[in-house]
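Colleague: Dumping the structure here so I can ask a few things about it.
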Amino acid sequence: MVEGLAQADAAVAGCVDAAVWALSEQDLIAALDAAHRLDQRLAAVKLALIRELDGRGTATAHGASSTMVWLRERLHLTITAARRLVDLASTLDTAHPAIRQALADGHVTLDQAQVITDTATTVHTTAGPEAADKAVSLLTDWAGQFDPTHLRKLGTRILEHVAPDLADAATQAALDAEARRATRDRHLTLSTLTDGRLRLTGTLDTETAGLLRAAIDPLSAPSGADDQRSPGQRRHDALADVCRLALRTGELPEHGGDPAHIVVTTNYDELTRQLSRGVLDTGAHLTPDTVRRLACDATILPAVLSGAGQVLDVGRQRRLITGSLRRALVLRDRGCAFPGCDRPPRWCAAHHIHHWADGGPTNLDNAVLLCGHHHRHVHQSDWVVRLGNDGHAEFIPPAWLDPEQLPRRNHYHRRT
């Protein structure tokens, strides 16, 4: 096998630098089909190898805690991808032989093989081995026409084709099986990147997916005609807003005896000159602009150090806009004060118009409510915020946007 794989590797390597521009459209499509079929064949080989290595206990012999962890290190995979390979290798080892053969022949993808295996297991339990054989045959044929998602939907009604007399009872069994798979497969992986960012991957069960949608969908809509964020960026910012709201409630469990919060460490002298970067308690670094913006939020506890590293102030919540002062601010602004924004108060942070690091006071005349998106926007752009003669916030756009720089107000929360 090793020699055969080496020959295949050499053959594929010879295709990498091929002059694909010289191929006709028909040949390009044929080559794509062939490459895809080869990919599926190799997937079948990989799964067989993984299953055998797992059965031999190779991972533990090499000092790893599991085959999944060993694969992650050996093949440089994410833990999610490694888990999926181990699970699928185990599943296919006990699955219907026709499924393994279809994968080896390049007729189904890994995801389709998983769907067919799950469906065949349910049919076997409900209607017996003969019906399961028919289901595998039918779904394998359908795999040439439908993607895994559509194939799974068809699988929920498969007994109408292979055992009509049991279809009604099997529908509930299929739903129950799907619920068990959702419970089994639910997970959330947080992978820290080298620059302090976080990669979020996972699979949510149906209930949690509904909760997440209900929480972030209203916040994922464009905030106005000038909102240039992509849908993915808006969902990202919506998740951040939900986290801020959760921190603001004060109802999260304590962590190490302290309330849930973020701690940002920075140097006071450099912060006032807008030069200092901040450091989170996780070790990740923040830009000066980000530190100054976070310092507006009552859920952020800035730990300000002198030049010698001595702590000058930790947890300045009493100097931040909380309690009765925030309630007065909510009564005045009634939501995000940026023109055209409809975010309610619970999604907003209290922004210092004259920043506290520059000596700005913490009072109602120096505060305005801003949602997460517009809070970042104000800190990172040339918009100027001030209170009008009537005590309500108005925003002066930058000259490139409005040469006359006429003040604008939010008329969504207050129409008069």
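Just remember, in the structure tokens the first chain shown is A, the second B, etc., residues are 1-based per chain, and ligands are 1-based in the order shown.
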With a distance cut-off of 12 Å and only C-alpha atoms, select the neighbouring residues of Arg332 in chain A, excluding the residue or stretch itself and same-chain residues fewer than 5 positions from it, and output the selection as an NGL selection string.
Modeller: :A and (325-327 or 337 or 345 or 364-365 or 367-369 or 387 or 390-393 or 413-414)
Colleague: With a distance cut-off of 9 Å and only C-alpha atoms, select the neighbouring residues of range 179-181 of chain A, excluding the residue or stretch itself and same-chain residues fewer than 5 positions from it, and output the selection as number ranges by chain.
Modeller: A: 118, 174, 186, 205-206
Colleague: Take the selection from the previous step and output its residues with all heavy atoms, as a compact mmCIF listing (two decimals), in the first residue's frame.
Modeller:
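So result04.txt came out as:
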# COMPACT_ATOMS: atom_id res chain seq x y z
N ASP A 118 -26.01 7.08 9.07
CA ASP A 118 -26.97 7.42 10.12
C ASP A 118 -28.37 6.94 9.75
O ASP A 118 -29.11 6.39 10.58
CB ASP A 118 -26.99 8.94 10.35
CG ASP A 118 -25.71 9.45 10.99
OD1 ASP A 118 -24.98 8.63 11.58
OD2 ASP A 118 -25.44 10.66 10.88
N ALA A 174 -37.00 8.57 13.36
CA ALA A 174 -35.97 9.36 12.69
C ALA A 174 -35.74 10.69 13.40
O ALA A 174 -34.59 11.14 13.55
CB ALA A 174 -36.37 9.59 11.23
N ARG A 186 -23.06 18.10 19.67
CA ARG A 186 -22.96 19.51 20.06
C ARG A 186 -21.58 19.78 20.67
O ARG A 186 -21.05 18.98 21.46
CB ARG A 186 -24.06 19.86 21.06
CG ARG A 186 -23.85 19.35 22.46
CD ARG A 186 -25.09 19.52 23.33
NE ARG A 186 -24.81 19.31 24.73
CZ ARG A 186 -24.67 18.13 25.30
NH1 ARG A 186 -24.75 17.01 24.57
NH2 ARG A 186 -24.41 18.04 26.60
N ASP A 205 -26.94 22.46 18.96
CA ASP A 205 -28.17 21.68 18.81
C ASP A 205 -29.31 22.63 18.44
O ASP A 205 -29.15 23.86 18.43
CB ASP A 205 -28.49 20.89 20.09
CG ASP A 205 -28.72 21.76 21.31
OD1 ASP A 205 -29.14 22.93 21.15
OD2 ASP A 205 -28.49 21.28 22.43
N THR A 206 -30.45 22.06 18.11
CA THR A 206 -31.54 22.86 17.55
C THR A 206 -32.01 23.94 18.51
O THR A 206 -32.23 25.09 18.11
CB THR A 206 -32.73 21.94 17.19
OG1 THR A 206 -32.27 20.91 16.30
CG2 THR A 206 -33.83 22.73 16.50
Colleague: For the atom pair CA of Pro403 in chain A and CA of Pro222 in chain A, what is the interatomic distance in Å to one decimal place?
Modeller: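 A separation of 24.9 Å between them.
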Colleague: One decimal, in Å: what's the spacing between CA of Ser220 in chain A and CA of His187 in chain A?
Modeller: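 So the answer is 23.2 Å.
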Colleague: Show which residues sit within 12 Å of His107 in chain A, as JSON, numbers by chain. Count only C-alpha atoms, and ignore same-chain residues fewer than 3 positions away.
Modeller: {"A": [33, 34, 36, 37, 38, 39, 40, 41, 43, 44, 98, 99, 100, 101, 102, 103, 104, 110, 111, 112, 113, 137, 139, 140, 141, 142, 143, 144, 145, 146]}
Colleague: List as a PyMOL selection string the protein and nucleic acid residues near Arg72 in chain A, meaning an atom at most 12 Å away when only C-alpha atoms are counted, but skip any in the same chain fewer than 3 places from it.
Modeller: chain A and resi 59+64-69+75-86
Colleague: Any chance you could export the current selection's N, CA and C atoms as a short mmCIF file (atom, residue, chain, number, x, y, z; two decimals), in the first residue's frame?
Modeller:
data_model
loop_
_atom_site.label_atom_id
_atom_site.label_comp_id
_atom_site.auth_asym_id
_atom_site.auth_seq_id
_atom_site.Cartn_x
_atom_site.Cartn_y
_atom_site.Cartn_z
N ALA A 59 -1.94 5.57 19.16
CA ALA A 59 -1.89 6.91 19.75
C ALA A 59 -1.36 6.88 21.18
N ALA A 64 0.11 9.91 23.29
CA ALA A 64 -1.06 10.79 23.17
C ALA A 64 -2.20 10.25 24.01
N SER A 65 -3.11 11.15 24.42
CA SER A 65 -4.22 10.72 25.25
C SER A 65 -5.30 10.01 24.45
N SER A 66 -5.34 10.24 23.14
CA SER A 66 -6.35 9.60 22.29
C SER A 66 -5.90 9.68 20.84
N THR A 67 -6.57 8.90 20.00
CA THR A 67 -6.26 8.96 18.56
C THR A 67 -6.58 10.33 18.01
N MET A 68 -7.62 10.95 18.52
CA MET A 68 -8.01 12.28 18.06
C MET A 68 -6.87 13.29 18.31
N VAL A 69 -6.32 13.27 19.52
CA VAL A 69 -5.23 14.19 19.86
C VAL A 69 -3.98 13.87 19.04
N LEU A 75 -1.08 15.26 11.89
CA LEU A 75 -1.52 15.81 10.60
C LEU A 75 -1.76 17.31 10.65
N HIS A 76 -1.51 17.92 11.83
CA HIS A 76 -1.68 19.37 11.99
C HIS A 76 -3.12 19.80 11.68
N LEU A 77 -4.06 19.07 12.28
CA LEU A 77 -5.48 19.34 12.08
C LEU A 77 -6.03 20.13 13.26
N THR A 78 -7.19 20.71 13.08
CA THR A 78 -7.92 21.24 14.23
C THR A 78 -8.48 20.04 15.01
N ILE A 79 -8.77 20.25 16.27
CA ILE A 79 -9.31 19.16 17.08
C ILE A 79 -10.67 18.73 16.55
N THR A 80 -11.42 19.67 15.97
CA THR A 80 -12.73 19.34 15.40
C THR A 80 -12.58 18.41 14.20
N ALA A 81 -11.63 18.73 13.31
CA ALA A 81 -11.42 17.89 12.12
C ALA A 81 -10.91 16.51 12.52
N ALA A 82 -10.03 16.45 13.51
CA ALA A 82 -9.51 15.16 13.96
C ALA A 82 -10.62 14.31 14.58
N ARG A 83 -11.47 14.93 15.39
CA ARG A 83 -12.58 14.19 16.01
C ARG A 83 -13.50 13.62 14.92
N ARG A 84 -13.77 14.42 13.92
CA ARG A 84 -14.68 13.98 12.84
C ARG A 84 -14.11 12.77 12.12
N LEU A 85 -12.80 12.76 11.85
CA LEU A 85 -12.19 11.62 11.16
C LEU A 85 -12.25 10.35 12.01
N VAL A 86 -11.96 10.47 13.29
CA VAL A 86 -11.99 9.29 14.16
C VAL A 86 -13.42 8.74 14.28
#
Colleague: With only C-alpha atoms as the basis for distance, which of A:Ala89, A:Ala30, A:Arg409, A:Ile216 is at the shortest distance from Leu49 in chain A?
Modeller: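 Among A:Ala89, A:Ala30, A:Arg409, A:Ile216, it is A:Ala89 that comes nearest to Leu49 in chain A.
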